[in-house]
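Beneath this line is the structure, given in structure tokens, with notes to follow.
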Protein chains: 2
Amino acid sequence: MASRTATALVHPDRADLEFTTVLAALSDPVRLAIVARLADVWPDGELACTTFALPVSKSTQSGHFKVLREAGVIRQRDEGTRRLNSLRRDDLDARFPGLLDIAVPQGRAILATW
Amino acid sequence: MASRTATALVHPDRADLEFTTVLAALSDPVRLAIVARLADVWPDGELACTTFALPVSKSTQSGHFKVLREAGVIRQRDEGTRRLNSLRRDDLDARFPGLLDIAVPQGRAILATW
DNA sequence: AACACATGTTCATGAATCCTGAACATGGTT
DNA sequence: AACCATGTTCAGGATTCATGAACATGTGTT
């Protein structure tokens, strides 16, 4: 992958999560669907980007995952050639209690339409 | 005002509210602050656009109120030369229970920084 | 080693959206 | 009528978004 090891992946600390940034990250159907899938394999599940079968191009997917990571919604780590994603539910629940409880079912509803 | 009576204000029905659209509307600090102010005068309070003293230009304000209205977050009605705004808390609570309870305090926090 | 393949990222381009000041429209006031 | 207050619309420039093509890296195969 491109410069994986060169620049470390940026993950904001729990205390630095911003509400409006998180909402913006969740306000896209594709990203909300990603969050719902990750919530369903939480807490120990990690899913590679490819496993989502999203209806957008590869580069757009890459952008969506980046938005979620930089907002602090997901965590990403590299394992071999794959980038594994997991939900930062603990941090989100601590900072914005109840938000994921509302958002995840909505994401599942989007998944159901695909 | 410009063509106020010509085209009626668009207000989506409660059933047509979309989660991602509402989140997008709430994901901006200025709009979140507007929502918080309206929540504090709910249920019978109506505030004209000018009363908010927002740190953006008049035309940008107009755009923000339009986004909120078209997302179904606020209701607007014209009274004389002023456009009065109120929060659609009943509809939002019915469709997305708990969302405003989370968002409003965050909006108040933004207000406190101005 | 060398080659091919799978997984993701980056870059350049075009499309869509956002912010602003200037001009406009409407209602109320003197 | 003239004037002011409240908001909207329009055109522009700037920022953001989606995509295909090219690239980079890790794994497996010969």
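Just remember, in the structure tokens the first chain shown is A, the second B, etc., residues are 1-based per chain, and ligands are 1-based in the order shown.
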Per residue of chain C within 6 Å of chain A, what are the shortest atom pair and its distance in Å to one decimal, counting only C-alpha atoms (C1' of nucleotides), with rows by chain and residue number, as a tab-separated table?
```
residue	atom	partner	partner_atom	distance
C:DT7	C1'	A:Thr81	CA	5.6
C:DG8	C1'	A:Met1	CA	5.4
C:DT9	C1'	A:Ala2	CA	4.8
```
Restrict the selected residues to N, CA and C atoms (P, O5', C5', C4', C3', O3' and C1' of nucleotides) and save them as an mmCIF file, in the first residue's frame.
```cif
data_model
loop_
_atom_site.group_PDB
_atom_site.id
_atom_site.type_symbol
_atom_site.label_atom_id
_atom_site.label_comp_id
_atom_site.auth_asym_id
_atom_site.auth_seq_id
_atom_site.Cartn_x
_atom_site.Cartn_y
_atom_site.Cartn_z
ATOM 1 P P DT C 7 -8.277 -8.908 -2.073
ATOM 2 O "O5'" DT C 7 -7.553 -7.657 -1.395
ATOM 3 C "C5'" DT C 7 -6.669 -7.873 -0.314
ATOM 4 C "C4'" DT C 7 -6.078 -6.561 0.140
ATOM 5 C "C3'" DT C 7 -7.106 -5.424 0.290
ATOM 6 O "O3'" DT C 7 -6.893 -4.785 1.530
ATOM 7 C "C1'" DT C 7 -5.303 -4.733 -1.052
ATOM 8 P P DG C 8 -8.168 -4.008 2.272
ATOM 9 O "O5'" DG C 8 -7.702 -2.493 2.277
ATOM 10 C "C5'" DG C 8 -7.169 -1.989 1.085
ATOM 11 C "C4'" DG C 8 -6.138 -0.921 1.370
ATOM 12 C "C3'" DG C 8 -6.762 0.471 1.364
ATOM 13 O "O3'" DG C 8 -6.059 1.357 2.229
ATOM 14 C "C1'" DG C 8 -5.324 0.170 -0.520
ATOM 15 P P DT C 9 -6.566 2.890 2.348
ATOM 16 O "O5'" DT C 9 -5.431 3.668 1.523
ATOM 17 C "C5'" DT C 9 -4.070 3.489 1.889
ATOM 18 C "C4'" DT C 9 -3.180 4.333 0.974
ATOM 19 C "C3'" DT C 9 -3.553 5.809 0.897
ATOM 20 O "O3'" DT C 9 -2.369 6.582 1.032
ATOM 21 C "C1'" DT C 9 -3.487 4.878 -1.279
#
```
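If we count only C-alpha atoms (C1' of nucleotides), these residues of chain D sit within 10 Å of chain A: DC17, DA18, DT19, DG20, DC23, DA24, DT25, DG26 and DT27 of chain D.
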Using C-alpha atoms (C1' of nucleotides), can you export the residues from the last selection as a compact mmCIF listing (two decimals), in the first residue's frame?
```
# COMPACT_ATOMS: atom_id res chain seq x y z
C1' DC D 17 -16.28 15.18 -3.19
C1' DA D 18 -16.19 11.15 -6.48
C1' DT D 19 -13.77 8.76 -9.88
C1' DG D 20 -10.28 6.27 -12.87
C1' DC D 23 1.42 3.60 -7.86
C1' DA D 24 3.10 1.13 -3.48
C1' DT D 25 3.36 -2.78 -0.49
C1' DG D 26 2.68 -7.54 1.21
C1' DT D 27 1.85 -12.41 0.02
```
Enumerate as a VMD selection string the residues belonging to chain B that approach chain A to within 8 Å, with only C-alpha atoms taken into account. chain B and resid 19 to 24 26 to 29 96 to 99 102 106
Take chain A, lay it over chain B with a least-squares fit on all the Cα atoms in order, then hand it over as a short mmCIF file (atom, residue, chain, number, x, y, z; two decimals) with C-alpha atoms, in the first residue's frame.
```
data_model
loop_
_atom_site.label_atom_id
_atom_site.label_comp_id
_atom_site.auth_asym_id
_atom_site.auth_seq_id
_atom_site.Cartn_x
_atom_site.Cartn_y
_atom_site.Cartn_z
CA MET A 1 -38.38 39.79 1.64
CA ALA A 2 -37.71 38.01 -1.58
CA SER A 3 -40.66 36.11 -2.96
CA ARG A 4 -41.95 35.13 0.43
CA THR A 5 -45.54 34.66 -0.54
CA ALA A 6 -44.74 33.43 -4.04
CA THR A 7 -43.26 30.05 -3.06
CA ALA A 8 -44.41 28.47 0.16
CA LEU A 9 -41.74 27.36 2.61
CA VAL A 10 -40.85 23.69 2.18
CA HIS A 11 -41.28 21.59 5.32
CA PRO A 12 -40.85 17.82 5.00
CA ASP A 13 -43.46 15.66 6.71
CA ARG A 14 -42.46 13.80 9.84
CA ALA A 15 -42.46 10.51 7.96
CA ASP A 16 -40.08 11.88 5.34
CA LEU A 17 -37.34 12.96 7.73
CA GLU A 18 -34.06 11.25 6.84
CA PHE A 19 -31.53 10.42 9.48
CA THR A 20 -28.45 11.26 7.45
CA THR A 21 -29.95 14.56 6.31
CA VAL A 22 -30.77 15.52 9.89
CA LEU A 23 -27.28 14.57 11.05
CA ALA A 24 -25.75 16.63 8.27
CA ALA A 25 -27.88 19.59 9.33
CA LEU A 26 -26.70 19.22 12.93
CA SER A 27 -23.06 18.71 12.03
CA ASP A 28 -22.26 22.42 11.72
CA PRO A 29 -21.40 24.53 14.79
CA VAL A 30 -23.52 27.49 13.69
CA ARG A 31 -26.56 25.33 13.03
CA LEU A 32 -26.09 23.36 16.23
CA ALA A 33 -26.01 26.64 18.17
CA ILE A 34 -29.25 27.72 16.49
CA VAL A 35 -30.88 24.44 17.53
CA ALA A 36 -29.73 24.87 21.12
CA ARG A 37 -31.18 28.37 21.34
CA LEU A 38 -34.49 27.16 19.94
CA ALA A 39 -34.53 24.22 22.31
CA ASP A 40 -34.18 26.60 25.22
CA VAL A 41 -37.36 28.48 24.25
CA TRP A 42 -39.29 25.37 23.35
CA PRO A 43 -42.20 24.58 23.07
CA ASP A 44 -43.85 27.91 22.40
CA GLY A 45 -40.86 30.11 21.66
CA GLU A 46 -40.22 31.46 18.22
CA LEU A 47 -37.11 33.44 17.41
CA ALA A 48 -36.49 35.69 14.43
CA CYS A 49 -33.30 35.04 12.51
CA THR A 50 -31.70 38.28 13.64
CA THR A 51 -31.93 37.48 17.33
CA PHE A 52 -29.21 34.88 17.09
CA ALA A 53 -26.25 37.22 16.53
CA LEU A 54 -24.33 34.59 14.63
CA PRO A 55 -20.68 35.08 13.62
CA VAL A 56 -21.40 34.68 9.90
CA SER A 57 -22.74 36.93 7.19
CA LYS A 58 -26.43 37.51 6.63
CA SER A 59 -26.58 35.46 3.46
CA THR A 60 -24.76 32.57 5.13
CA GLN A 61 -27.28 32.70 7.96
CA SER A 62 -30.06 32.51 5.44
CA GLY A 63 -28.47 29.39 3.99
CA HIS A 64 -28.07 27.75 7.41
CA PHE A 65 -31.72 28.31 8.30
CA LYS A 66 -32.72 26.89 4.95
CA VAL A 67 -30.66 23.74 5.55
CA LEU A 68 -32.28 23.25 8.95
CA ARG A 69 -35.76 23.79 7.57
CA GLU A 70 -35.34 21.49 4.59
CA ALA A 71 -33.90 18.78 6.83
CA GLY A 72 -36.99 19.08 9.00
CA VAL A 73 -35.16 20.29 12.09
CA ILE A 74 -36.89 23.65 12.38
CA ARG A 75 -40.15 25.18 11.28
CA GLN A 76 -40.31 28.66 9.78
CA ARG A 77 -43.24 30.99 9.31
CA ASP A 78 -43.40 34.56 8.18
CA GLU A 79 -44.87 37.25 10.37
CA GLY A 80 -44.65 40.66 8.82
CA THR A 81 -41.09 41.35 7.86
CA ARG A 82 -39.66 38.72 10.15
CA ARG A 83 -39.24 34.99 9.70
CA LEU A 84 -39.92 33.18 12.95
CA ASN A 85 -38.12 29.91 13.75
CA SER A 86 -39.12 27.12 16.07
CA LEU A 87 -37.75 23.67 16.80
CA ARG A 88 -39.60 20.60 15.49
CA ARG A 89 -38.84 18.70 18.65
CA ASP A 90 -42.01 16.65 18.57
CA ASP A 91 -41.25 15.31 15.11
CA LEU A 92 -37.57 14.72 15.83
CA ASP A 93 -38.29 12.97 19.13
CA ALA A 94 -40.82 10.75 17.38
CA ARG A 95 -38.50 9.70 14.60
CA PHE A 96 -35.10 9.75 16.32
CA PRO A 97 -35.68 9.46 20.07
CA GLY A 98 -32.79 10.76 22.14
CA LEU A 99 -31.02 12.57 19.34
CA LEU A 100 -31.91 16.07 20.48
CA ASP A 101 -31.13 15.15 24.08
CA ILE A 102 -27.58 14.54 22.91
CA ALA A 103 -27.26 17.36 20.40
CA VAL A 104 -28.74 20.25 22.37
CA PRO A 105 -26.18 20.24 25.21
CA GLN A 106 -23.43 20.16 22.62
CA GLY A 107 -24.99 23.19 20.96
CA ARG A 108 -25.13 25.00 24.29
CA ALA A 109 -21.44 24.32 24.73
CA ILE A 110 -20.77 26.04 21.42
CA LEU A 111 -22.91 29.01 22.45
CA ALA A 112 -20.84 29.32 25.60
CA THR A 113 -17.70 29.90 23.56
CA TRP A 114 -19.14 32.93 21.71
#
```
Can you list every residue in chain B that DSSP puts in helix (DSSP H, G or I), as a PyMOL selection string? chain B and resi 14-16+19-26+29-40+49-52+58-71+89-95+99-112
C-alpha atoms of the current selection, written as a PDB file, in the first residue's frame:
```
ATOM      1  CA  ARG B  14     -42.455  13.804   9.830  1.00  0.00           C
ATOM      2  CA  ALA B  15     -42.453  10.503   7.957  1.00  0.00           C
ATOM      3  CA  ASP B  16     -40.094  11.877   5.332  1.00  0.00           C
ATOM      4  CA  PHE B  19     -31.528  10.435   9.461  1.00  0.00           C
ATOM      5  CA  THR B  20     -28.447  11.263   7.415  1.00  0.00           C
ATOM      6  CA  THR B  21     -29.955  14.572   6.305  1.00  0.00           C
ATOM      7  CA  VAL B  22     -30.779  15.531   9.888  1.00  0.00           C
ATOM      8  CA  LEU B  23     -27.276  14.593  11.035  1.00  0.00           C
ATOM      9  CA  ALA B  24     -25.758  16.652   8.247  1.00  0.00           C
ATOM     10  CA  ALA B  25     -27.886  19.596   9.329  1.00  0.00           C
ATOM     11  CA  LEU B  26     -26.712  19.226  12.927  1.00  0.00           C
ATOM     12  CA  PRO B  29     -21.409  24.537  14.775  1.00  0.00           C
ATOM     13  CA  VAL B  30     -23.526  27.500  13.692  1.00  0.00           C
ATOM     14  CA  ARG B  31     -26.568  25.347  13.025  1.00  0.00           C
ATOM     15  CA  LEU B  32     -26.090  23.370  16.228  1.00  0.00           C
ATOM     16  CA  ALA B  33     -26.027  26.642  18.155  1.00  0.00           C
ATOM     17  CA  ILE B  34     -29.267  27.720  16.497  1.00  0.00           C
ATOM     18  CA  VAL B  35     -30.896  24.452  17.523  1.00  0.00           C
ATOM     19  CA  ALA B  36     -29.732  24.871  21.110  1.00  0.00           C
ATOM     20  CA  ARG B  37     -31.186  28.373  21.333  1.00  0.00           C
ATOM     21  CA  LEU B  38     -34.493  27.166  19.935  1.00  0.00           C
ATOM     22  CA  ALA B  39     -34.533  24.212  22.305  1.00  0.00           C
ATOM     23  CA  ASP B  40     -34.199  26.601  25.234  1.00  0.00           C
ATOM     24  CA  CYS B  49     -33.294  35.034  12.521  1.00  0.00           C
ATOM     25  CA  THR B  50     -31.694  38.299  13.664  1.00  0.00           C
ATOM     26  CA  THR B  51     -31.935  37.482  17.339  1.00  0.00           C
ATOM     27  CA  PHE B  52     -29.200  34.876  17.085  1.00  0.00           C
ATOM     28  CA  LYS B  58     -26.393  37.492   6.617  1.00  0.00           C
ATOM     29  CA  SER B  59     -26.560  35.425   3.468  1.00  0.00           C
ATOM     30  CA  THR B  60     -24.755  32.544   5.128  1.00  0.00           C
ATOM     31  CA  GLN B  61     -27.264  32.695   7.976  1.00  0.00           C
ATOM     32  CA  SER B  62     -30.053  32.506   5.472  1.00  0.00           C
ATOM     33  CA  GLY B  63     -28.477  29.384   4.007  1.00  0.00           C
ATOM     34  CA  HIS B  64     -28.076  27.746   7.423  1.00  0.00           C
ATOM     35  CA  PHE B  65     -31.728  28.306   8.318  1.00  0.00           C
ATOM     36  CA  LYS B  66     -32.723  26.877   4.973  1.00  0.00           C
ATOM     37  CA  VAL B  67     -30.668  23.732   5.563  1.00  0.00           C
ATOM     38  CA  LEU B  68     -32.288  23.250   8.966  1.00  0.00           C
ATOM     39  CA  ARG B  69     -35.771  23.785   7.599  1.00  0.00           C
ATOM     40  CA  GLU B  70     -35.361  21.477   4.609  1.00  0.00           C
ATOM     41  CA  ALA B  71     -33.899  18.779   6.834  1.00  0.00           C
ATOM     42  CA  ARG B  89     -38.822  18.707  18.651  1.00  0.00           C
ATOM     43  CA  ASP B  90     -42.002  16.654  18.572  1.00  0.00           C
ATOM     44  CA  ASP B  91     -41.241  15.310  15.113  1.00  0.00           C
ATOM     45  CA  LEU B  92     -37.565  14.722  15.840  1.00  0.00           C
ATOM     46  CA  ASP B  93     -38.287  12.973  19.122  1.00  0.00           C
ATOM     47  CA  ALA B  94     -40.815  10.756  17.376  1.00  0.00           C
ATOM     48  CA  ARG B  95     -38.480   9.705  14.579  1.00  0.00           C
ATOM     49  CA  LEU B  99     -30.997  12.577  19.330  1.00  0.00           C
ATOM     50  CA  LEU B 100     -31.900  16.075  20.478  1.00  0.00           C
ATOM     51  CA  ASP B 101     -31.125  15.163  24.059  1.00  0.00           C
ATOM     52  CA  ILE B 102     -27.576  14.544  22.897  1.00  0.00           C
ATOM     53  CA  ALA B 103     -27.268  17.370  20.384  1.00  0.00           C
ATOM     54  CA  VAL B 104     -28.747  20.269  22.363  1.00  0.00           C
ATOM     55  CA  PRO B 105     -26.195  20.248  25.200  1.00  0.00           C
ATOM     56  CA  GLN B 106     -23.431  20.180  22.594  1.00  0.00           C
ATOM     57  CA  GLY B 107     -24.998  23.199  20.950  1.00  0.00           C
ATOM     58  CA  ARG B 108     -25.132  25.001  24.282  1.00  0.00           C
ATOM     59  CA  ALA B 109     -21.440  24.335  24.727  1.00  0.00           C
ATOM     60  CA  ILE B 110     -20.777  26.058  21.418  1.00  0.00           C
ATOM     61  CA  LEU B 111     -22.915  29.023  22.442  1.00  0.00           C
ATOM     62  CA  ALA B 112     -20.856  29.327  25.595  1.00  0.00           C
TER      63      ALA B 112
END
```
Looking only at strand (DSSP E or B) from DSSP on the backbone, list the matching residues of chain B as a PyMOL selection string. chain B and resi 47-48+74-79+82-87
Requested write-out: N, CA and C atoms of the selected residues, as a PDB file, in the first residue's frame:
```pdb
ATOM      1  N   LEU B  47     -38.141  32.403  17.477  1.00  0.00           N
ATOM      2  CA  LEU B  47     -37.112  33.434  17.418  1.00  0.00           C
ATOM      3  C   LEU B  47     -36.893  33.869  15.970  1.00  0.00           C
ATOM      4  N   ALA B  48     -36.819  35.164  15.767  1.00  0.00           N
ATOM      5  CA  ALA B  48     -36.481  35.681  14.440  1.00  0.00           C
ATOM      6  C   ALA B  48     -35.003  35.445  14.175  1.00  0.00           C
ATOM      7  N   ILE B  74     -36.158  22.485  11.900  1.00  0.00           N
ATOM      8  CA  ILE B  74     -36.895  23.643  12.399  1.00  0.00           C
ATOM      9  C   ILE B  74     -38.099  23.929  11.510  1.00  0.00           C
ATOM     10  N   ARG B  75     -39.015  24.719  12.042  1.00  0.00           N
ATOM     11  CA  ARG B  75     -40.162  25.178  11.285  1.00  0.00           C
ATOM     12  C   ARG B  75     -40.025  26.684  11.148  1.00  0.00           C
ATOM     13  N   GLN B  76     -40.399  27.213  10.013  1.00  0.00           N
ATOM     14  CA  GLN B  76     -40.328  28.654   9.793  1.00  0.00           C
ATOM     15  C   GLN B  76     -41.663  29.175   9.308  1.00  0.00           C
ATOM     16  N   ARG B  77     -42.037  30.322   9.840  1.00  0.00           N
ATOM     17  CA  ARG B  77     -43.243  30.978   9.327  1.00  0.00           C
ATOM     18  C   ARG B  77     -42.993  32.475   9.303  1.00  0.00           C
ATOM     19  N   ASP B  78     -43.629  33.120   8.344  1.00  0.00           N
ATOM     20  CA  ASP B  78     -43.410  34.549   8.180  1.00  0.00           C
ATOM     21  C   ASP B  78     -44.447  35.335   8.954  1.00  0.00           C
ATOM     22  N   GLU B  79     -43.954  36.353   9.663  1.00  0.00           N
ATOM     23  CA  GLU B  79     -44.861  37.258  10.345  1.00  0.00           C
ATOM     24  C   GLU B  79     -44.369  38.665  10.058  1.00  0.00           C
ATOM     25  N   ARG B  82     -40.575  39.631   9.490  1.00  0.00           N
ATOM     26  CA  ARG B  82     -39.663  38.695  10.145  1.00  0.00           C
ATOM     27  C   ARG B  82     -40.027  37.244   9.875  1.00  0.00           C
ATOM     28  N   ARG B  83     -39.016  36.413   9.896  1.00  0.00           N
ATOM     29  CA  ARG B  83     -39.230  34.976   9.709  1.00  0.00           C
ATOM     30  C   ARG B  83     -38.978  34.315  11.056  1.00  0.00           C
ATOM     31  N   LEU B  84     -40.029  33.731  11.622  1.00  0.00           N
ATOM     32  CA  LEU B  84     -39.915  33.163  12.961  1.00  0.00           C
ATOM     33  C   LEU B  84     -39.566  31.684  12.902  1.00  0.00           C
ATOM     34  N   ASN B  85     -38.640  31.286  13.749  1.00  0.00           N
ATOM     35  CA  ASN B  85     -38.134  29.910  13.764  1.00  0.00           C
ATOM     36  C   ASN B  85     -38.523  29.200  15.045  1.00  0.00           C
ATOM     37  N   SER B  86     -38.878  27.925  14.906  1.00  0.00           N
ATOM     38  CA  SER B  86     -39.133  27.102  16.082  1.00  0.00           C
ATOM     39  C   SER B  86     -38.600  25.698  15.816  1.00  0.00           C
ATOM     40  N   LEU B  87     -38.336  25.001  16.920  1.00  0.00           N
ATOM     41  CA  LEU B  87     -37.754  23.667  16.813  1.00  0.00           C
ATOM     42  C   LEU B  87     -38.843  22.616  16.607  1.00  0.00           C
TER      43      LEU B  87
END
```
Identify, on the basis of only C-alpha atoms (C1' of nucleotides), every residue whose closest approach to DC3 of chain C does not exceed 12 Å; exclude the query and any residue fewer than 3 positions from it along the same chain; express the result as a ChimeraX atom specification. /D:28-30
Selection above as a file: C-alpha atoms (C1' of nucleotides), as a short mmCIF file (atom, residue, chain, number, x, y, z; two decimals), in the first residue's frame:
```cif
data_model
loop_
_atom_site.label_atom_id
_atom_site.label_comp_id
_atom_site.auth_asym_id
_atom_site.auth_seq_id
_atom_site.Cartn_x
_atom_site.Cartn_y
_atom_site.Cartn_z
"C1'" DG D 28 2.13 -16.45 -2.61
"C1'" DT D 29 3.93 -19.24 -6.62
"C1'" DT D 30 7.07 -20.94 -9.77
#
```
Set the distance at 12 Å and use only C-alpha atoms (C1' of nucleotides): which residues neighbour DA14 of chain D once local chain neighbours fewer than 4 positions away are removed? I'd like the list as a ChimeraX atom specification. /C:17-20
In Å, with one decimal, what is the gap from atom C1' of DA22 of chain D to atom C1' of DC5 of chain C?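 A separation of 16.5 Å between them.
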For atom C1' of DA23 of chain C and atom C1' of DC4 of chain D, the interatomic separation in Å (one decimal):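 Taking atom C1' of DA23 of chain C and atom C1' of DC4 of chain D, their separation equals 16.4 Å.
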